[in-house]
$ cat final35.csv   # CSV, C-alpha atoms and all ligand atoms
chain,number,residue,atom,x,y,z
A,2,MET,CA,15.8,-45.5,-46.0
A,3,GLY,CA,13.6,-45.9,-42.8
A,4,THR,CA,14.5,-44.6,-39.4
A,5,THR,CA,16.8,-46.9,-37.6
A,6,ALA,CA,16.5,-48.1,-34.0
A,7,ARG,CA,19.6,-46.0,-33.2
A,8,GLN,CA,18.1,-42.9,-34.8
A,9,LEU,CA,14.9,-43.3,-32.8
A,10,ASN,CA,16.7,-43.8,-29.5
A,11,ARG,CA,19.0,-40.9,-30.1
A,12,ALA,CA,16.1,-38.6,-30.9
A,13,ASN,CA,14.4,-39.8,-27.7
A,14,TRP,CA,17.5,-39.2,-25.6
A,15,ASP,CA,17.9,-35.7,-27.1
A,16,ALA,CA,14.3,-35.0,-26.3
A,17,ARG,CA,14.6,-36.3,-22.7
A,18,ALA,CA,17.8,-34.3,-22.2
A,19,ALA,CA,15.8,-31.2,-22.9
A,20,VAL,CA,13.5,-31.8,-19.9
A,21,HIS,CA,15.9,-33.5,-17.5
A,22,GLY,CA,17.9,-31.5,-15.0
A,23,GLN,CA,15.7,-30.3,-12.1
A,24,ASP,CA,13.5,-33.2,-11.1
A,25,ARG,CA,13.2,-36.1,-8.7
A,26,TYR,CA,16.2,-37.8,-10.5
A,27,TYR,CA,18.5,-35.0,-11.4
A,28,ASP,CA,19.2,-32.1,-9.0
A,29,SER,CA,21.3,-29.6,-11.1
A,30,ALA,CA,20.9,-26.8,-8.5
A,31,GLY,CA,22.1,-29.2,-5.7
A,32,LEU,CA,24.9,-30.4,-8.0
A,33,ILE,CA,26.1,-26.8,-8.6
A,34,ALA,CA,25.7,-26.0,-4.9
A,35,GLY,CA,27.8,-29.1,-4.0
A,36,THR,CA,25.0,-30.8,-2.0
A,37,VAL,CA,24.5,-33.9,-4.3
A,38,SER,CA,26.6,-37.0,-4.0
A,39,LEU,CA,26.8,-40.4,-5.8
A,40,GLY,CA,23.9,-42.8,-5.0
A,41,ALA,CA,24.6,-45.3,-2.2
A,42,GLU,CA,24.8,-48.2,-4.7
A,43,GLU,CA,27.2,-46.4,-7.0
A,44,GLU,CA,29.3,-45.2,-4.1
A,45,ALA,CA,29.6,-48.8,-2.7
A,46,ALA,CA,30.4,-50.3,-6.0
A,47,VAL,CA,33.1,-47.8,-6.8
A,48,ASP,CA,34.6,-48.2,-3.4
A,49,ARG,CA,34.6,-52.0,-3.7
A,50,ALA,CA,36.1,-51.9,-7.2
A,51,VAL,CA,38.8,-49.3,-6.9
A,52,GLY,CA,38.5,-47.6,-3.4
A,53,ASN,CA,39.3,-43.9,-4.0
A,54,VAL,CA,38.9,-42.6,-7.6
A,55,GLY,CA,41.3,-39.8,-6.8
A,56,GLY,CA,43.9,-39.6,-9.6
A,57,LEU,CA,42.3,-42.3,-11.7
A,58,ASP,CA,41.2,-42.0,-15.3
A,59,VAL,CA,37.5,-42.8,-15.5
A,60,CYS,CA,35.3,-43.2,-18.6
A,61,HIS,CA,31.6,-42.7,-17.7
A,62,VAL,CA,29.8,-44.6,-20.5
A,63,GLN,CA,26.3,-43.5,-21.4
A,64,CYS,CA,26.8,-40.4,-19.1
A,65,HIS,CA,23.6,-38.6,-20.2
A,66,ILE,CA,23.6,-35.1,-18.7
A,67,GLY,CA,26.9,-35.8,-16.8
A,68,VAL,CA,25.8,-35.8,-13.2
A,69,ASP,CA,27.9,-38.8,-12.1
A,70,SER,CA,30.7,-37.6,-14.4
A,71,ILE,CA,30.9,-34.4,-12.4
A,72,LEU,CA,30.6,-36.2,-9.1
A,73,LEU,CA,33.5,-38.5,-10.0
A,74,ALA,CA,35.6,-35.6,-11.2
A,75,ARG,CA,34.9,-33.8,-7.9
A,76,ALA,CA,36.2,-36.9,-6.1
A,77,GLY,CA,39.5,-36.3,-7.9
A,78,ALA,CA,39.2,-38.5,-11.0
A,79,ARG,CA,40.1,-37.4,-14.6
A,80,VAL,CA,36.7,-38.1,-16.2
A,81,THR,CA,35.6,-38.6,-19.8
A,82,GLY,CA,31.8,-38.8,-20.3
A,83,LEU,CA,30.7,-40.7,-23.4
A,84,ASP,CA,27.2,-40.6,-24.9
A,85,PHE,CA,25.6,-40.7,-28.3
A,86,SER,CA,23.1,-37.9,-27.6
A,87,PRO,CA,24.4,-34.5,-28.5
A,88,ALA,CA,21.7,-32.7,-26.5
A,89,SER,CA,22.7,-34.7,-23.4
A,90,LEU,CA,26.3,-33.8,-23.9
A,91,SER,CA,25.5,-30.1,-24.4
A,92,LYS,CA,23.7,-30.1,-21.1
A,93,ALA,CA,26.5,-32.1,-19.4
A,94,THR,CA,29.1,-29.6,-20.7
A,95,ALA,CA,27.0,-26.6,-19.4
A,96,LEU,CA,26.5,-28.3,-16.0
A,97,ALA,CA,30.2,-29.1,-15.6
A,98,GLU,CA,31.0,-25.5,-16.4
A,99,GLN,CA,28.5,-24.2,-13.8
A,100,CYS,CA,30.0,-26.7,-11.3
A,101,GLY,CA,33.6,-25.4,-12.1
A,102,VAL,CA,34.6,-29.0,-12.8
A,103,SER,CA,36.7,-30.2,-15.8
A,104,VAL,CA,35.2,-33.2,-17.7
A,105,ALA,CA,35.8,-34.2,-21.3
A,106,PHE,CA,32.6,-35.1,-23.0
A,107,VAL,CA,32.8,-37.3,-26.2
A,108,GLU,CA,29.9,-38.0,-28.6
A,109,ALA,CA,30.2,-41.7,-29.5
A,110,ASP,CA,28.4,-45.0,-29.6
A,111,ALA,CA,29.0,-47.0,-26.5
A,112,CYS,CA,29.8,-50.0,-28.7
A,113,ASP,CA,32.2,-48.1,-31.0
A,114,PRO,CA,34.1,-45.5,-29.0
A,115,PRO,CA,36.9,-43.7,-30.8
A,116,HIS,CA,40.2,-45.7,-31.0
A,117,GLY,CA,42.0,-42.7,-29.6
A,118,LEU,CA,40.5,-43.6,-26.2
A,119,ASP,CA,41.8,-47.2,-26.3
A,120,GLY,CA,43.6,-48.1,-23.1
A,121,GLU,CA,43.2,-44.7,-21.6
A,122,PHE,CA,41.2,-45.5,-18.5
A,123,ASP,CA,41.5,-47.2,-15.1
A,124,LEU,CA,37.8,-47.5,-14.8
A,125,VAL,CA,34.7,-47.8,-17.0
A,126,TYR,CA,31.6,-46.8,-15.1
A,127,ALA,CA,28.1,-47.2,-16.4
A,128,THR,CA,24.9,-47.1,-14.3
A,129,PHE,CA,21.1,-47.3,-14.4
A,130,GLY,CA,19.7,-47.5,-17.9
A,131,VAL,CA,22.7,-49.0,-19.8
A,132,LEU,CA,22.2,-52.3,-21.5
A,133,PRO,CA,18.5,-52.2,-22.4
A,134,TRP,CA,19.5,-49.6,-25.0
A,135,ILE,CA,22.2,-51.8,-26.5
A,136,ASP,CA,21.5,-54.5,-29.1
A,137,ASP,CA,24.9,-56.2,-29.0
A,138,VAL,CA,26.0,-56.8,-25.5
A,139,ASP,CA,29.1,-58.6,-26.7
A,140,ALA,CA,30.1,-55.4,-28.6
A,141,TRP,CA,29.4,-53.2,-25.5
A,142,MET,CA,31.6,-55.4,-23.2
A,143,ALA,CA,34.4,-55.5,-25.9
A,144,ALA,CA,34.3,-51.7,-26.2
A,145,ALA,CA,34.5,-51.3,-22.5
A,146,ALA,CA,37.5,-53.7,-22.4
A,147,ARG,CA,39.2,-51.7,-25.2
A,148,LEU,CA,38.8,-48.5,-23.2
A,149,VAL,CA,40.7,-49.7,-20.1
A,150,ARG,CA,44.4,-50.3,-19.6
A,151,LYS,CA,45.6,-53.7,-18.3
A,152,GLY,CA,44.3,-54.2,-14.8
A,153,GLY,CA,41.5,-51.7,-15.4
A,154,HIS,CA,38.1,-52.1,-13.8
A,155,LEU,CA,34.4,-52.1,-14.9
A,156,VAL,CA,31.6,-51.0,-12.7
A,157,LEU,CA,28.2,-51.7,-14.2
A,158,ILE,CA,25.0,-51.2,-12.2
A,159,ASP,CA,21.6,-51.6,-13.8
A,160,GLY,CA,18.0,-52.5,-13.3
A,161,HIS,CA,17.8,-56.3,-12.9
A,162,PRO,CA,16.5,-58.0,-16.1
A,163,LEU,CA,13.8,-59.7,-14.1
A,164,VAL,CA,12.1,-56.5,-13.1
A,165,THR,CA,12.7,-55.0,-16.5
A,166,MET,CA,10.3,-57.6,-17.8
A,167,PHE,CA,7.4,-56.0,-15.9
A,168,ASP,CA,5.1,-53.4,-17.4
A,169,THR,CA,3.1,-53.3,-14.1
A,170,TYR,CA,3.7,-55.2,-10.9
A,171,ASP,CA,0.2,-55.0,-9.4
A,172,PRO,CA,-1.3,-56.8,-11.2
A,173,PRO,CA,1.9,-58.4,-12.5
A,174,VAL,CA,2.0,-57.9,-16.3
A,175,THR,CA,5.1,-58.5,-18.4
A,176,ASP,CA,5.8,-56.7,-21.7
A,177,PHE,CA,9.5,-57.6,-22.2
A,178,PRO,CA,11.3,-60.9,-22.3
A,179,TYR,CA,14.1,-62.0,-19.9
A,180,ASN,CA,16.6,-62.9,-22.6
A,181,PHE,CA,17.5,-61.2,-25.9
A,182,ASN,CA,15.1,-61.8,-28.7
A,183,GLY,CA,15.5,-58.8,-30.9
A,184,LEU,CA,13.9,-55.3,-31.0
A,185,HIS,CA,11.1,-54.2,-28.7
A,186,TYR,CA,9.3,-50.9,-29.6
A,187,PHE,CA,7.9,-48.7,-26.9
A,188,ASP,CA,6.0,-45.5,-27.1
A,189,THR,CA,5.7,-44.3,-23.5
A,190,PRO,CA,4.7,-40.7,-22.8
A,191,GLY,CA,7.0,-38.5,-20.8
A,192,THR,CA,10.2,-39.8,-19.2
A,193,TYR,CA,11.2,-41.6,-16.0
A,194,THR,CA,11.6,-38.2,-14.2
A,195,ASP,CA,8.1,-37.1,-15.0
A,196,ARG,CA,5.6,-39.2,-17.0
A,197,SER,CA,3.6,-36.0,-17.8
A,198,ALA,CA,6.7,-34.1,-19.2
A,199,ASN,CA,6.4,-32.9,-22.8
A,200,VAL,CA,9.0,-35.2,-24.5
A,201,SER,CA,8.9,-34.5,-28.2
A,202,ALA,CA,10.2,-37.9,-29.4
A,203,THR,CA,8.8,-40.8,-27.4
A,204,ARG,CA,9.2,-43.9,-29.7
A,205,THR,CA,12.1,-46.1,-28.5
A,206,VAL,CA,13.7,-49.5,-29.2
A,207,GLN,CA,15.0,-51.6,-26.3
A,208,TYR,CA,16.6,-54.9,-26.0
A,209,ALA,CA,16.4,-57.6,-23.3
A,210,HIS,CA,19.6,-59.1,-21.9
A,211,GLY,CA,19.4,-61.8,-19.2
A,212,LEU,CA,22.1,-61.9,-16.5
A,213,GLY,CA,23.6,-65.0,-18.1
A,214,GLU,CA,24.1,-63.2,-21.4
A,215,ILE,CA,25.6,-60.2,-19.7
A,216,VAL,CA,28.1,-62.2,-17.6
A,217,THR,CA,29.0,-64.4,-20.6
A,218,ALA,CA,29.6,-61.4,-22.8
A,219,ALA,CA,31.9,-59.9,-20.2
A,220,VAL,CA,33.9,-63.1,-19.9
A,221,ARG,CA,34.1,-63.4,-23.7
A,222,ALA,CA,35.5,-59.8,-23.9
A,223,GLY,CA,38.2,-60.8,-21.5
A,224,TRP,CA,36.8,-59.4,-18.3
A,225,GLN,CA,37.4,-61.3,-15.0
A,226,ILE,CA,34.3,-61.1,-13.0
A,227,ALA,CA,35.1,-60.0,-9.4
A,228,TYR,CA,31.7,-59.6,-8.0
A,229,LEU,CA,28.0,-59.9,-9.1
A,230,GLU,CA,25.3,-58.9,-6.7
A,231,GLU,CA,21.6,-59.2,-7.4
A,232,ALA,CA,20.1,-56.8,-4.9
A,233,THR,CA,16.5,-57.3,-3.6
A,234,SER,CA,16.3,-53.7,-2.3
A,235,ALA,CA,17.4,-50.3,-3.5
A,236,THR,CA,17.9,-46.9,-1.8
A,237,PHE,CA,16.4,-45.0,-4.8
A,238,ASP,CA,13.4,-45.5,-7.1
A,239,PHE,CA,15.5,-45.6,-10.3
A,240,ARG,CA,12.4,-46.6,-12.4
A,241,GLY,CA,9.9,-44.3,-10.9
A,242,ASP,CA,7.4,-47.0,-10.3
A,243,LEU,CA,8.8,-49.0,-7.3
A,244,GLY,CA,6.1,-47.7,-5.0
A,245,ALA,CA,6.6,-46.7,-1.4
A,246,THR,CA,9.6,-47.6,0.7
A,247,GLU,CA,9.4,-50.2,3.4
A,248,GLU,CA,10.1,-49.5,7.1
A,249,ASP,CA,13.9,-49.5,6.6
A,250,SER,CA,13.4,-46.7,3.9
A,251,ARG,CA,14.4,-49.1,1.1
A,252,TYR,CA,12.5,-49.9,-2.0
A,253,ARG,CA,11.5,-53.5,-2.7
A,254,LEU,CA,9.2,-55.3,-5.2
A,255,ARG,CA,7.4,-58.2,-3.6
A,256,LEU,CA,5.5,-60.8,-5.6
A,257,GLY,CA,3.9,-62.5,-2.7
A,258,ALA,CA,6.1,-62.5,0.4
A,259,GLU,CA,9.5,-62.5,-1.2
A,260,PRO,CA,11.3,-59.5,-2.8
A,261,LEU,CA,12.5,-59.8,-6.4
A,262,PRO,CA,16.0,-58.9,-7.4
A,263,ILE,CA,15.6,-55.3,-8.6
A,264,LEU,CA,19.1,-54.3,-9.5
A,265,TYR,CA,22.5,-55.9,-10.2
A,266,THR,CA,26.0,-54.7,-9.7
A,267,LEU,CA,28.7,-56.3,-11.8
A,268,LEU,CA,32.4,-55.6,-11.0
A,269,ALA,CA,35.1,-56.9,-13.3
A,270,ARG,CA,38.8,-56.4,-14.0
A,271,LEU,CA,40.8,-56.8,-17.2
A,272,PRO,CA,43.8,-59.0,-16.4
B,301,LIG,C1,19.2,-43.8,-18.6
B,301,LIG,S1,20.5,-42.8,-19.3
B,301,LIG,C2,21.8,-43.2,-18.2
B,301,LIG,C3,21.5,-42.5,-17.0
B,301,LIG,C4,22.8,-42.1,-16.3
B,301,LIG,N1,23.3,-43.2,-15.5
B,301,LIG,C5,22.4,-41.0,-15.4
B,301,LIG,O1,22.3,-41.2,-14.2
B,301,LIG,O2,22.2,-39.9,-15.9
B,301,LIG,C6,20.9,-43.7,-20.7
B,301,LIG,C7,21.9,-42.9,-21.6
B,301,LIG,O3,22.4,-43.9,-22.6
B,301,LIG,C8,22.7,-43.1,-23.8
B,301,LIG,N2,22.7,-44.1,-24.9
B,301,LIG,C9,21.7,-45.0,-25.3
B,301,LIG,N3,22.2,-45.8,-26.2
B,301,LIG,C10,23.5,-45.4,-26.5
B,301,LIG,C11,24.5,-45.9,-27.3
B,301,LIG,N4,24.3,-46.9,-28.2
B,301,LIG,N5,25.7,-45.3,-27.3
B,301,LIG,C12,26.0,-44.3,-26.4
B,301,LIG,N6,25.0,-43.8,-25.6
B,301,LIG,C13,23.8,-44.3,-25.6
B,301,LIG,C14,21.5,-42.2,-23.9
B,301,LIG,O4,21.8,-41.1,-24.7
B,301,LIG,C15,21.4,-41.8,-22.4
B,301,LIG,O5,22.1,-40.6,-22.1

$ encode --input "final35.csv" --output "structure tokens" --more "lines below"
Ligand SMILES: C[S@@+](CC[C@H](N)C(=O)[O-])C[C@H]1O[C@@H](n2cnc3c(N)ncnc32)[C@H](O)[C@@H]1O
Amino acid sequence: MGTTARQLNRANWDARAAVHGQDRYYDSAGLIAGTVSLGAEEEAAVDRAVGNVGGLDVCHVQCHIGVDSILLARAGARVTGLDFSPASLSKATALAEQCGVSVAFVEADACDPPHGLDGEFDLVYATFGVLPWIDDVDAWMAAAARLVRKGGHLVLIDGHPLVTMFDTYDPPVTDFPYNFNGLHYFDTPGTYTDRSANVSATRTVQYAHGLGEIVTAAVRAGWQIAYLEEATSATFDFRGDLGATEEDSRYRLRLGAEPLPILYTLLARLP
């Protein structure tokens, strides 16, 4: 039997986890020292969705090395971090220990979390680098809906599918469709924290999902959409290729005069 898309991606994320942790994206030393906080977009979304996370049960889906899991736990939430990459979860567990923070980390597929977690959470939280790794966005939304109790919330922030289409912006070259059309193989050296990093497994499979598909999948899974923002600027270069900031210290991608939507925030609630 050949290597499946899931096996390729899991090997890639295990290999990335080995090099992530002290770089432009992840500041483990700062996290341990208590000088790191949630990104501005994440903070604003959580605030808009639930206000204070203190006392809430939060499932951080695709938590990677657990940085935001730890930050949410520090803010008073009871956090479960879920990811399919064992190396990511080992790093996350070690980081949480070093931070003196209690987080439960669970190895599972985002589309098939253990049924023991059904209805256990007030909030499902997933950010930056979520749905392009998922073939079946309906299954992802249904799994997220299964995790929350009635009245529970979803915070999903990710790169906008429009900019995800671009391989380079100058000149504008696309290498990815807007809507789902199956598997797309990539073999990109390094990782978003450092393109020259020695990542031992670089072949990945990614999937396009347009905003219409994402919203429709959420509605089909029973989510009530509360808010959908397509932001044309960001406070952080989450892709590593957004170039320099503009005068207001924000990142934008302009094709001609007007900036493209570069990230989206979807907030939803299960009635
Ligand atoms: C870009 S990272 C998420 C980054 C995270 N927001 C952060 O700031 O660290 C994507 C994560 O999704 C996980 N992942 C990818 N596909 C998955 C799947 N099908 N089930 C569970 N986790 C998955 C990877 O292991 C990786 O840790």

$ residues_around --input "final35.csv" --residues "A:Gly241" --least-positions-apart "4" --cutoff "12 Å" --atoms "all atoms listed in the file" --output "list in words"
Asp24, Arg25, Tyr26, Gly160, Thr169, Gly191, Thr192, Tyr193, Thr194, Asp195, Arg196, Phe237, Ala245 and Tyr252 of chain A

$ closest_atom_pairs --input "final35.csv" --of "chain A" --to "ligand LIG 301 (chain B)" --cutoff "7 Å" --atoms "all atoms listed in the file" --output "JSON lines"
{"residue": "A:Arg7", "atom": "CA", "partner": "B:LIG301", "partner_atom": "N4", "distance": 6.9}
{"residue": "A:Asn10", "atom": "CA", "partner": "B:LIG301", "partner_atom": "C9", "distance": 6.6}
{"residue": "A:Arg11", "atom": "CA", "partner": "B:LIG301", "partner_atom": "O4", "distance": 6.1}
{"residue": "A:Trp14", "atom": "CA", "partner": "B:LIG301", "partner_atom": "O4", "distance": 4.8}
{"residue": "A:Gln63", "atom": "CA", "partner": "B:LIG301", "partner_atom": "O3", "distance": 4.1}
{"residue": "A:Cys64", "atom": "CA", "partner": "B:LIG301", "partner_atom": "C4", "distance": 5.2}
{"residue": "A:His65", "atom": "CA", "partner": "B:LIG301", "partner_atom": "O5", "distance": 3.1}
{"residue": "A:Ile66", "atom": "CA", "partner": "B:LIG301", "partner_atom": "O2", "distance": 5.7}
{"residue": "A:Gly67", "atom": "CA", "partner": "B:LIG301", "partner_atom": "O2", "distance": 6.3}
{"residue": "A:Val68", "atom": "CA", "partner": "B:LIG301", "partner_atom": "O2", "distance": 6.1}
{"residue": "A:Asp69", "atom": "CA", "partner": "B:LIG301", "partner_atom": "O1", "distance": 6.4}
{"residue": "A:Leu83", "atom": "CA", "partner": "B:LIG301", "partner_atom": "C12", "distance": 6.6}
{"residue": "A:Asp84", "atom": "CA", "partner": "B:LIG301", "partner_atom": "N6", "distance": 3.9}
{"residue": "A:Phe85", "atom": "CA", "partner": "B:LIG301", "partner_atom": "C12", "distance": 4.1}
{"residue": "A:Ser86", "atom": "CA", "partner": "B:LIG301", "partner_atom": "O4", "distance": 4.5}
{"residue": "A:Ser89", "atom": "CA", "partner": "B:LIG301", "partner_atom": "O5", "distance": 6.1}
{"residue": "A:Ala109", "atom": "CA", "partner": "B:LIG301", "partner_atom": "C12", "distance": 5.8}
{"residue": "A:Asp110", "atom": "CA", "partner": "B:LIG301", "partner_atom": "N5", "distance": 3.6}
{"residue": "A:Ala111", "atom": "CA", "partner": "B:LIG301", "partner_atom": "N5", "distance": 3.8}
{"residue": "A:Cys112", "atom": "CA", "partner": "B:LIG301", "partner_atom": "N4", "distance": 6.3}
{"residue": "A:Ala127", "atom": "CA", "partner": "B:LIG301", "partner_atom": "N1", "distance": 6.3}
{"residue": "A:Thr128", "atom": "CA", "partner": "B:LIG301", "partner_atom": "N1", "distance": 4.4}
{"residue": "A:Phe129", "atom": "CA", "partner": "B:LIG301", "partner_atom": "N1", "distance": 4.8}
{"residue": "A:Gly130", "atom": "CA", "partner": "B:LIG301", "partner_atom": "C1", "distance": 3.8}
{"residue": "A:Val131", "atom": "CA", "partner": "B:LIG301", "partner_atom": "C6", "distance": 5.7}
{"residue": "A:Trp134", "atom": "CA", "partner": "B:LIG301", "partner_atom": "N3", "distance": 4.8}
{"residue": "A:Ile135", "atom": "CA", "partner": "B:LIG301", "partner_atom": "N4", "distance": 5.6}

$ atom_distance --input "final35.csv" --atom1 "atom CA of A:Trp141" --atom2 "atom CA of A:Glu42"
21.9 Å

$ closest_residue --input "final35.csv" --among "A:Gly120, A:Gly244, A:Gly257, A:Gly55" --to "A:Leu73" --atoms "all atoms listed in the file"
A:Gly55

$ atom_distance --input "final35.csv" --atom1 "atom CA of A:Ile33" --atom2 "atom CA of A:Ala93"
12.0 Å

$ residues_around --input "final35.csv" --residues "A:Ser103" --least-positions-apart "6" --cutoff "8 Å" --atoms "only C-alpha atoms" --output "list in words"
Ile71, Ala74, Val80 and Ala97 of chain A

$ residues_near_point --input "final35.csv" --point "(8.0, -52.1, -18.9)" --cutoff "12 Å" --atoms "only C-alpha atoms" --output "count of residues only"
30

$ closest_residue --input "final35.csv" --among "A:Asp123, A:Asp238, A:Glu230, A:Asp48" --to "A:His61" --atoms "all atoms listed in the file"
A:Asp123

$ atom_distance --input "final35.csv" --atom1 "atom CA of A:Leu212" --atom2 "atom CA of A:Leu229"
9.7 Å

$ closest_residue --input "final35.csv" --among "A:Asn13, A:Arg49, A:Ala143, A:Gln8" --to "A:Ala202" --atoms "all atoms listed in the file"
A:Asn13

$ closest_residue --input "final35.csv" --among "A:Arg270, A:Ser234, A:Ala95, A:Ser29" --to "A:Thr246" --atoms "all atoms listed in the file"
A:Ser234

$ closest_residue --input "final35.csv" --among "A:Asp137, A:Glu247, A:Glu121, A:Asp28" --to "A:Asp58" --atoms "all atoms listed in the file"
A:Glu121

$ residues_around --input "final35.csv" --residues "A:Gly77" --least-positions-apart "6" --cutoff "9 Å" --atoms "all atoms listed in the file" --output "tab-separated table (two decimals) with C-alpha atoms, keeping the file's coordinate frame"
chain	number	residue	atom	x	y	z
A	53	ASN	CA	39.30	-43.90	-4.00
A	54	VAL	CA	38.90	-42.60	-7.60
A	55	GLY	CA	41.30	-39.80	-6.80
A	56	GLY	CA	43.90	-39.60	-9.60
A	57	LEU	CA	42.30	-42.30	-11.70

$ closest_residue --input "final35.csv" --among "A:Ala19, A:Ala12, A:Val156, A:Arg204" --to "A:Glu44" --atoms "only C-alpha atoms"
A:Val156

$ residues_around --input "final35.csv" --residues "A:Thr81" --least-positions-apart "5" --cutoff "6 Å" --atoms "all atoms listed in the file" --output "PyMOL selection string"
chain A and resi 60+104-106
